[in-house]
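Source file: structure_15.cif; contents: mmCIF, C-alpha atoms.
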```cif
data_upload
#
loop_
_atom_site.label_atom_id
_atom_site.label_comp_id
_atom_site.auth_asym_id
_atom_site.auth_seq_id
_atom_site.Cartn_x
_atom_site.Cartn_y
_atom_site.Cartn_z
CA MET A 1 -59.50 84.17 1.92
CA HIS A 2 -61.99 83.68 -0.89
CA LEU A 3 -64.02 85.70 -3.36
CA LYS A 4 -67.03 85.00 -5.52
CA ARG A 5 -66.09 83.45 -8.85
CA GLN A 6 -68.08 86.11 -10.71
CA ASN A 7 -65.81 88.78 -9.19
CA ILE A 8 -62.48 87.33 -10.34
CA GLY A 9 -60.15 89.51 -12.40
CA GLU A 10 -60.72 89.69 -16.14
CA PHE A 11 -57.16 88.42 -16.63
CA TRP A 12 -57.93 85.11 -14.87
CA PRO A 13 -58.03 82.42 -17.61
CA ILE A 14 -60.74 80.34 -15.98
CA PRO A 15 -64.54 80.17 -16.48
CA LYS A 16 -66.77 82.43 -14.43
CA LYS A 17 -69.18 79.55 -14.05
CA GLY A 18 -68.45 76.80 -11.54
CA THR A 19 -67.93 76.68 -7.80
CA LYS A 20 -69.30 79.79 -6.13
CA TYR A 21 -66.08 80.81 -4.34
CA LEU A 22 -62.40 80.78 -5.29
CA ALA A 23 -59.21 81.42 -3.37
CA VAL A 24 -57.76 84.92 -3.42
CA ALA A 25 -54.10 85.92 -3.17
CA THR A 26 -52.72 86.99 0.19
CA HIS A 27 -51.77 90.40 -1.25
CA ASN A 28 -51.56 92.25 -4.62
CA GLN A 29 -55.03 90.84 -5.17
CA GLU A 30 -55.95 93.15 -8.06
CA GLU A 31 -52.85 92.26 -10.08
CA SER A 32 -52.19 88.63 -9.23
CA MET A 33 -53.56 85.11 -9.02
CA PRO A 34 -53.15 82.79 -6.03
CA LEU A 35 -50.70 79.92 -6.41
CA VAL A 36 -53.35 77.26 -5.79
CA ILE A 37 -55.44 78.46 -8.75
CA VAL A 38 -52.41 78.42 -11.04
CA MET A 39 -51.19 74.99 -9.95
CA ARG A 40 -54.61 73.30 -9.81
CA ASP A 41 -56.88 74.99 -12.36
CA ILE A 42 -54.45 76.24 -15.00
CA LEU A 43 -51.33 74.08 -15.04
CA LYS A 44 -53.15 70.99 -13.67
CA LEU A 45 -50.10 70.01 -11.62
CA VAL A 46 -52.06 69.22 -8.47
CA ARG A 47 -55.62 68.01 -7.92
CA ASN A 48 -56.34 69.99 -4.77
CA SER A 49 -54.88 72.29 -2.14
CA LYS A 50 -53.83 69.30 -0.01
CA GLU A 51 -51.47 68.09 -2.74
CA LEU A 52 -50.12 71.61 -3.14
CA LYS A 53 -49.48 71.88 0.61
CA ARG A 54 -47.47 68.68 0.45
CA LEU A 55 -45.29 70.11 -2.30
CA LEU A 56 -44.82 73.31 -0.33
CA ASN A 57 -43.80 71.36 2.77
CA GLU A 58 -41.28 69.50 0.65
CA LYS A 59 -39.91 72.85 -0.62
CA GLN A 60 -40.73 71.93 -4.20
CA VAL A 61 -42.35 75.20 -5.30
CA LEU A 62 -40.37 78.38 -5.90
CA ILE A 63 -41.46 81.80 -7.12
CA ASN A 64 -38.62 84.03 -8.25
CA ASN A 65 -36.21 81.53 -6.63
CA LYS A 66 -37.94 81.90 -3.25
CA GLU A 67 -39.38 78.90 -1.41
CA ILE A 68 -43.13 79.37 -1.01
CA LYS A 69 -45.10 78.23 2.03
CA GLU A 70 -48.55 79.70 1.34
CA THR A 71 -51.06 78.09 -1.03
CA ASN A 72 -52.51 81.54 -1.79
CA PHE A 73 -49.20 83.25 -2.49
CA PRO A 74 -49.71 85.79 -5.32
CA ILE A 75 -48.29 85.25 -8.79
CA CYS A 76 -47.89 88.47 -10.76
CA LEU A 77 -46.92 89.34 -14.30
CA PHE A 78 -43.34 88.27 -15.23
CA ASP A 79 -43.00 86.09 -12.11
CA ILE A 80 -41.08 82.84 -12.49
CA LEU A 81 -42.71 79.71 -11.05
CA SER A 82 -40.20 76.88 -10.63
CA LEU A 83 -40.70 73.21 -9.76
CA PRO A 84 -37.19 71.83 -9.01
CA ARG A 85 -38.19 68.18 -8.83
CA LEU A 86 -39.78 68.32 -12.29
CA LYS A 87 -37.07 70.65 -13.60
CA ILE A 88 -39.75 72.93 -15.06
CA ASN A 89 -39.96 76.72 -14.98
CA TYR A 90 -42.92 78.84 -16.01
CA LYS A 91 -43.02 82.56 -16.71
CA ALA A 92 -46.26 84.46 -16.07
CA LEU A 93 -47.22 86.55 -19.09
CA LEU A 94 -50.27 88.28 -20.49
CA SER A 95 -51.78 86.96 -23.72
CA LYS A 96 -53.09 89.21 -26.48
CA ASN A 97 -56.53 88.30 -25.18
CA GLN A 98 -55.45 89.89 -21.89
CA LYS A 99 -55.43 86.61 -19.97
CA MET A 100 -52.57 85.48 -17.75
CA ILE A 101 -50.68 82.60 -19.31
CA PHE A 102 -47.71 80.51 -18.22
CA GLU A 103 -44.97 79.75 -20.71
CA LYS A 104 -42.24 77.22 -20.06
CA VAL A 105 -38.79 78.82 -20.00
CA HIS A 106 -35.28 77.39 -19.94
CA GLU A 107 -33.55 77.26 -16.57
CA LYS A 108 -31.16 80.04 -17.61
CA ASN A 109 -34.07 82.35 -18.43
CA ALA A 110 -35.65 81.55 -15.06
CA GLU A 111 -32.85 83.19 -13.09
CA THR A 112 -33.88 86.80 -13.70
CA LYS A 113 -36.96 89.00 -13.86
CA VAL A 114 -37.67 92.44 -15.27
CA TYR A 115 -39.22 95.04 -12.95
CA LYS A 116 -40.49 98.51 -13.70
CA VAL A 117 -39.22 101.29 -11.41
CA ILE A 118 -42.30 102.94 -9.89
CA SER A 119 -40.49 105.49 -7.71
CA LYS A 120 -37.19 106.29 -6.01
CA LYS A 121 -36.34 107.21 -2.44
CA ILE A 122 -33.16 108.63 -0.91
CA LEU A 123 -32.23 106.81 2.31
CA PRO A 124 -29.74 107.90 4.99
CA GLY A 125 -26.21 107.89 3.64
CA LYS A 126 -27.48 108.91 0.18
CA THR A 127 -28.41 105.32 -0.59
CA VAL A 128 -31.02 105.16 -3.35
CA GLN A 129 -33.94 102.79 -2.89
CA LEU A 130 -35.76 101.76 -6.05
CA ASN A 131 -39.42 100.97 -5.49
CA LEU A 132 -40.41 98.40 -8.09
CA MET A 133 -43.68 97.07 -9.48
CA TYR A 134 -45.68 94.71 -7.26
CA GLY A 135 -44.09 95.97 -4.06
CA ARG A 136 -40.46 94.91 -4.35
CA ASN A 137 -37.67 97.30 -3.31
CA ILE A 138 -33.93 97.21 -3.88
CA ASN A 139 -31.07 99.54 -3.04
CA SER A 140 -28.89 100.47 -5.97
CA LYS A 141 -26.25 102.83 -7.29
CA GLU A 142 -27.45 102.34 -10.86
CA LYS A 143 -28.39 105.42 -12.86
CA VAL A 144 -32.03 104.70 -13.51
CA LYS A 145 -35.12 106.90 -13.78
CA THR A 146 -38.67 106.33 -12.64
CA GLY A 147 -40.41 104.45 -15.46
CA ASP A 148 -37.27 102.62 -16.54
CA SER A 149 -36.86 98.89 -15.95
CA VAL A 150 -34.23 96.84 -14.15
CA VAL A 151 -33.42 93.16 -14.53
CA ILE A 152 -32.73 91.44 -11.21
CA ASP A 153 -30.76 88.23 -10.77
CA PHE A 154 -32.59 86.19 -8.12
CA LYS A 155 -29.59 84.24 -6.84
CA GLU A 156 -27.34 87.29 -6.49
CA ASN A 157 -30.23 89.61 -5.57
CA LYS A 158 -28.73 92.38 -7.64
CA ILE A 159 -29.46 94.39 -10.76
CA VAL A 160 -27.71 92.93 -13.79
CA LYS A 161 -29.21 95.23 -16.42
CA THR A 162 -31.07 98.52 -16.73
CA ILE A 163 -33.52 99.24 -19.56
CA PRO A 164 -34.45 102.89 -20.07
CA LEU A 165 -37.96 103.70 -21.22
CA GLU A 166 -37.00 105.57 -24.36
CA LYS A 167 -37.17 105.64 -28.15
CA GLY A 168 -36.08 102.39 -29.77
CA LYS A 169 -36.76 100.15 -26.76
CA LYS A 170 -38.99 97.11 -26.86
CA VAL A 171 -41.93 97.39 -24.46
CA PHE A 172 -44.70 95.20 -23.13
CA ILE A 173 -48.16 96.72 -22.61
CA ILE A 174 -49.52 95.67 -19.23
CA LYS A 175 -52.77 97.67 -19.04
CA GLY A 176 -55.37 99.25 -21.30
CA ALA A 177 -57.03 98.22 -24.54
CA HIS A 178 -53.77 96.85 -26.02
CA ALA A 179 -52.56 94.95 -22.93
CA GLY A 180 -50.67 91.78 -23.81
CA HIS A 181 -49.00 93.22 -26.92
CA GLU A 182 -45.36 94.02 -27.44
CA GLY A 183 -43.96 96.79 -29.56
CA LYS A 184 -41.17 99.27 -30.13
CA ILE A 185 -41.20 102.88 -29.00
CA GLU A 186 -40.93 105.27 -31.94
CA GLU A 187 -41.43 108.46 -29.98
CA ILE A 188 -42.52 109.77 -26.57
CA VAL A 189 -44.61 112.94 -26.47
CA SER A 190 -46.43 114.95 -23.79
CA ARG A 191 -50.15 115.46 -23.98
CA GLY A 192 -52.35 117.01 -21.33
CA GLY A 193 -49.58 116.80 -18.76
CA LYS A 194 -49.08 113.08 -19.42
CA SER A 195 -46.50 111.21 -21.45
CA ILE A 196 -47.59 109.04 -24.34
CA ALA A 197 -45.46 106.57 -26.28
CA LYS A 198 -46.05 106.10 -29.99
CA ILE A 199 -45.51 102.39 -30.55
CA SER A 200 -45.19 100.24 -33.64
CA TYR A 201 -46.44 96.67 -33.19
CA ASP A 202 -47.75 93.74 -35.24
CA LYS A 203 -51.00 95.49 -36.14
CA GLY A 204 -49.62 98.92 -36.96
CA ARG A 205 -49.14 101.92 -34.69
CA ILE A 206 -50.78 102.85 -31.41
CA ASN A 207 -50.48 105.47 -28.68
CA VAL A 208 -50.11 104.20 -25.10
CA TRP A 209 -49.69 106.01 -21.78
CA ILE A 210 -46.15 105.24 -20.57
CA LYS A 211 -47.62 104.26 -17.19
CA ASN A 212 -49.07 101.22 -18.99
CA LEU A 213 -45.71 100.11 -20.39
CA VAL A 214 -42.78 98.05 -19.16
CA ALA A 215 -39.49 98.28 -21.05
CA VAL A 216 -38.29 94.72 -21.57
CA GLU A 217 -35.43 94.92 -24.05
#
```

Translate this structure into structure tokens?
Amino acid sequence: MHLKRQNIGEFWPIPKKGTKYLAVATHNQEESMPLVIVMRDILKLVRNSKELKRLLNEKQVLINNKEIKETNFPICLFDILSLPRLKINYKALLSKNQKMIFEKVHEKNAETKVYKVISKKILPGKTVQLNLMYGRNINSKEKVKTGDSVVIDFKENKIVKTIPLEKGKKVFIIKGAHAGHEGKIEEIVSRGGKSIAKISYDKGRINVWIKNLVAVE
């Protein structure tokens, strides 16, 4: 699948001038970038999709500790891209200019990922299913509310930490005018039927809808 270059997401850190069409992710298209664009155009680790396919066939590309087989597999915010042969791990983040960037992280910090809890569902047997950002689900007995975050260990496929979205917690802004910034919640208030977090960050204080926040620490 492809889309016109001029229609790529504003968070794509590549020029809007160039080849007419670019690859598009297999799913989560509005919130992700395809692997081939990241590997070829951003990280410059391959020259073309053929080289990427060879790496995939050799099981040398992992996302969140999962072997990837598709060149257009989506990479979303906070995902961990690992290249075992090179012993390099990258974490997908959002810059203060609201562009997706990839920071190298130590192997230990590449074993987990933070997810925001979007909703909860009660399954037969009173098992609680947590529906997480970007389509992932996990069953859990943890006491966690919608809007809170969980940290999942990839190898164990289990929650190793819960982070409530509350006063005093460090948050990352994922959408809106201040996307890409981090801050600390000073207070959460209701306004017009919606919840707003008053956040202190490097430029002062701002108000952000809690739906645009992910608690990270």

Set out as CSV a contact list for region 79-122 of chain A and region 27-46 of chain A with a cut-off of 10 Å, giving each residue of region 79-122 of chain A that qualifies its closest atom pair and distance in Å to one decimal, counting only C-alpha atoms, ordered by chain and rising residue number.
```
residue,atom,partner,partner_atom,distance
A:Asp79,CA,A:Ser32,CA,10.0
A:Leu81,CA,A:Leu35,CA,9.2
A:Tyr90,CA,A:Leu43,CA,9.7
A:Ala92,CA,A:Ser32,CA,10.0
A:Met100,CA,A:Met33,CA,8.8
A:Ile101,CA,A:Ile42,CA,8.6
A:Phe102,CA,A:Leu43,CA,8.0
```

For this session: Carefully work through the PyMOL selection byres ((chain A and resi 204) around 12) for this structure and note down the residues it includes, as a ChimeraX atom specification.
Result: /A:178,181-184,186,198-203,205-207

With C-alpha atoms retained, could you export that selection as a PDB file, in the coordinates of the input?
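The result, stored in part_22.pdb:
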```
ATOM      1  CA  HIS A 178     -53.770  96.850 -26.020  1.00  0.00           C
ATOM      2  CA  HIS A 181     -49.000  93.220 -26.920  1.00  0.00           C
ATOM      3  CA  GLU A 182     -45.360  94.020 -27.440  1.00  0.00           C
ATOM      4  CA  GLY A 183     -43.960  96.790 -29.560  1.00  0.00           C
ATOM      5  CA  LYS A 184     -41.170  99.270 -30.130  1.00  0.00           C
ATOM      6  CA  GLU A 186     -40.930 105.270 -31.940  1.00  0.00           C
ATOM      7  CA  LYS A 198     -46.050 106.100 -29.990  1.00  0.00           C
ATOM      8  CA  ILE A 199     -45.510 102.390 -30.550  1.00  0.00           C
ATOM      9  CA  SER A 200     -45.190 100.240 -33.640  1.00  0.00           C
ATOM     10  CA  TYR A 201     -46.440  96.670 -33.190  1.00  0.00           C
ATOM     11  CA  ASP A 202     -47.750  93.740 -35.240  1.00  0.00           C
ATOM     12  CA  LYS A 203     -51.000  95.490 -36.140  1.00  0.00           C
ATOM     13  CA  ARG A 205     -49.140 101.920 -34.690  1.00  0.00           C
ATOM     14  CA  ILE A 206     -50.780 102.850 -31.410  1.00  0.00           C
ATOM     15  CA  ASN A 207     -50.480 105.470 -28.680  1.00  0.00           C
TER      16      ASN A 207
END
```

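With all atoms listed in the file as the atoms that count, the minimum distance from Phe11 (chain A) to the choices A:Ile174, A:Leu62, A:Ile118, A:Ile68 is reached by A:Ile174.
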
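Of the listed residues (A:Tyr115, A:Trp209, A:Phe154, A:Tyr21), A:Tyr115 comes nearest to Leu77 (chain A); the distances count all atoms listed in the file.
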
Problem set entry | Long-range neighbours of Val216 (chain A) as a ChimeraX atom specification, 7 Å cut-off, all atoms listed in the file, 4 positions minimum in chain | /A:114,163,170-172

For this session: Measuring atom to atom with only C-alpha atoms, identify which of A:Arg54, A:Asn72, A:Leu93, A:Asn48 is nearest to Ala25 (chain A).
Result: A:Asn72

For this session: To verify the selection step, state as a ChimeraX atom specification which residues the PyMOL selection byres ((chain A and resi 65) around 10) yields on this input.
Result: /A:61-64,66-68,79-83,110-112,153-155

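Across A:Val189, A:Lys91, A:Lys211, A:Gln129, the tightest approach to His106 (chain A) is made by A:Lys91 when counting all atoms listed in the file.
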
Exercise. Which polymer residues have any atom within 6 Å of an atom of Ile152 (chain A), counting all atoms listed in the file, with same-chain residues fewer than 4 positions away left out, as a ChimeraX atom specification?
Worked result: /A:112-113,158-160

Resulting file, chosen residues, C-alpha atoms, as a PDB file, in the coordinates of the input:
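Output file out-v1.pdb is given in full below:
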```
ATOM      1  CA  THR A 112     -33.880  86.800 -13.700  1.00  0.00           C
ATOM      2  CA  LYS A 113     -36.960  89.000 -13.860  1.00  0.00           C
ATOM      3  CA  LYS A 158     -28.730  92.380  -7.640  1.00  0.00           C
ATOM      4  CA  ILE A 159     -29.460  94.390 -10.760  1.00  0.00           C
ATOM      5  CA  VAL A 160     -27.710  92.930 -13.790  1.00  0.00           C
TER       6      VAL A 160
END
```

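Each of A:Ile210, A:Ala215, A:Gly193, A:Ile185 was compared to Val150 (chain A) using all atoms listed in the file, and A:Ala215 turns out to be the nearest.
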
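Each of A:Arg136, A:Lys194, A:Ala177, A:Val214 was checked against Asp148 (chain A) using only C-alpha atoms; the smallest atom-to-atom distance is that of A:Val214.
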
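When CA of Lys161 (chain A) is paired with CA of Val105 (chain A), their separation reads 19.3 Å.
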
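Atom pair CA of Glu166 (chain A) / CA of Asn97 (chain A) has a distance of 26.1 Å (rounded to one decimal).
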
Return as lines of an AutoDock Vina configuration file the centre and edge lengths, in Å with one decimal, of the box along x, y and z that encloses every atom of region 88-107 of chain A in the file, padded by 6 Å per side.
```
center_x = -45.0
center_y = 81.4
center_z = -20.7
size_x = 35.0
size_y = 29.0
size_z = 23.5
```

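The coordinates place CA of Lys87 (chain A) at 13.5 Å from CA of Lys59 (chain A).
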
For this session: Let me know the residues the PyMOL selection byres ((chain A and resi 128) around 9) catches in the file above, as JSON, numbers by chain.
Result: {"A": [120, 121, 122, 123, 124, 125, 126, 127, 129, 130, 138, 139, 140, 141, 142]}

Kindly add N, CA and C atoms to the incomplete region 169-202 of chain A and provide the output as a CSV table (one decimal), in the coordinates of the input.
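Okay, selection-v9.csv is ready:
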```csv
chain,number,residue,atom,x,y,z
A,169,LYS,N,-36.7,101.3,-27.7
A,169,LYS,CA,-36.8,100.2,-26.8
A,169,LYS,C,-38.0,99.3,-27.0
A,170,LYS,N,-37.9,98.0,-26.8
A,170,LYS,CA,-39.0,97.1,-26.9
A,170,LYS,C,-39.8,97.2,-25.6
A,171,VAL,N,-41.1,97.3,-25.7
A,171,VAL,CA,-41.9,97.4,-24.5
A,171,VAL,C,-43.1,96.4,-24.5
A,172,PHE,N,-43.6,96.1,-23.3
A,172,PHE,CA,-44.7,95.2,-23.1
A,172,PHE,C,-45.8,96.0,-22.5
A,173,ILE,N,-47.0,95.9,-23.1
A,173,ILE,CA,-48.2,96.7,-22.6
A,173,ILE,C,-48.9,95.9,-21.6
A,174,ILE,N,-49.0,96.4,-20.3
A,174,ILE,CA,-49.5,95.7,-19.2
A,174,ILE,C,-50.9,96.1,-18.9
A,175,LYS,N,-51.4,97.2,-19.4
A,175,LYS,CA,-52.8,97.7,-19.0
A,175,LYS,C,-53.4,98.4,-20.2
A,176,GLY,N,-54.7,98.5,-20.2
A,176,GLY,CA,-55.4,99.2,-21.3
A,176,GLY,C,-55.9,98.3,-22.4
A,177,ALA,N,-56.4,99.0,-23.4
A,177,ALA,CA,-57.0,98.2,-24.5
A,177,ALA,C,-56.1,97.3,-25.3
A,178,HIS,N,-54.8,97.6,-25.3
A,178,HIS,CA,-53.8,96.8,-26.0
A,178,HIS,C,-52.9,96.0,-25.1
A,179,ALA,N,-53.3,95.8,-23.9
A,179,ALA,CA,-52.6,95.0,-22.9
A,179,ALA,C,-52.3,93.6,-23.5
A,180,GLY,N,-51.1,93.1,-23.3
A,180,GLY,CA,-50.7,91.8,-23.8
A,180,GLY,C,-49.9,91.8,-25.1
A,181,HIS,N,-49.8,93.0,-25.7
A,181,HIS,CA,-49.0,93.2,-26.9
A,181,HIS,C,-47.6,93.8,-26.6
A,182,GLU,N,-46.7,93.5,-27.5
A,182,GLU,CA,-45.4,94.0,-27.4
A,182,GLU,C,-45.1,94.9,-28.6
A,183,GLY,N,-44.2,95.9,-28.5
A,183,GLY,CA,-44.0,96.8,-29.6
A,183,GLY,C,-42.7,97.5,-29.3
A,184,LYS,N,-42.4,98.5,-30.2
A,184,LYS,CA,-41.2,99.3,-30.1
A,184,LYS,C,-41.5,100.7,-30.1
A,185,ILE,N,-40.9,101.5,-29.1
A,185,ILE,CA,-41.2,102.9,-29.0
A,185,ILE,C,-40.6,103.7,-30.2
A,186,GLU,N,-41.4,104.4,-30.9
A,186,GLU,CA,-40.9,105.3,-31.9
A,186,GLU,C,-40.7,106.7,-31.5
A,187,GLU,N,-41.5,107.1,-30.5
A,187,GLU,CA,-41.4,108.5,-30.0
A,187,GLU,C,-42.2,108.6,-28.7
A,188,ILE,N,-41.8,109.5,-27.8
A,188,ILE,CA,-42.5,109.8,-26.6
A,188,ILE,C,-42.9,111.3,-26.6
A,189,VAL,N,-44.2,111.6,-26.4
A,189,VAL,CA,-44.6,112.9,-26.5
A,189,VAL,C,-45.4,113.2,-25.2
A,190,SER,N,-45.6,114.5,-24.9
A,190,SER,CA,-46.4,115.0,-23.8
A,190,SER,C,-47.8,115.4,-24.3
A,191,ARG,N,-48.8,115.0,-23.6
A,191,ARG,CA,-50.2,115.5,-24.0
A,191,ARG,C,-51.0,115.6,-22.7
A,192,GLY,N,-51.5,116.8,-22.5
A,192,GLY,CA,-52.4,117.0,-21.3
A,192,GLY,C,-51.6,116.7,-20.0
A,193,GLY,N,-50.3,117.0,-20.0
A,193,GLY,CA,-49.6,116.8,-18.8
A,193,GLY,C,-49.2,115.4,-18.5
A,194,LYS,N,-49.5,114.5,-19.5
A,194,LYS,CA,-49.1,113.1,-19.4
A,194,LYS,C,-48.2,112.7,-20.6
A,195,SER,N,-47.4,111.7,-20.4
A,195,SER,CA,-46.5,111.2,-21.4
A,195,SER,C,-47.1,110.0,-22.2
A,196,ILE,N,-47.1,110.1,-23.5
A,196,ILE,CA,-47.6,109.0,-24.3
A,196,ILE,C,-46.5,108.5,-25.3
A,197,ALA,N,-46.4,107.2,-25.4
A,197,ALA,CA,-45.5,106.6,-26.3
A,197,ALA,C,-46.2,106.2,-27.6
A,198,LYS,N,-45.6,106.5,-28.7
A,198,LYS,CA,-46.0,106.1,-30.0
A,198,LYS,C,-45.3,104.8,-30.3
A,199,ILE,N,-46.1,103.7,-30.4
A,199,ILE,CA,-45.5,102.4,-30.6
A,199,ILE,C,-45.9,101.7,-31.9
A,200,SER,N,-44.9,101.1,-32.5
A,200,SER,CA,-45.2,100.2,-33.6
A,200,SER,C,-45.3,98.8,-33.2
A,201,TYR,N,-46.3,98.1,-33.6
A,201,TYR,CA,-46.4,96.7,-33.2
A,201,TYR,C,-47.0,95.9,-34.4
A,202,ASP,N,-47.4,94.6,-34.1
A,202,ASP,CA,-47.8,93.7,-35.2
A,202,ASP,C,-49.0,94.2,-36.0
```
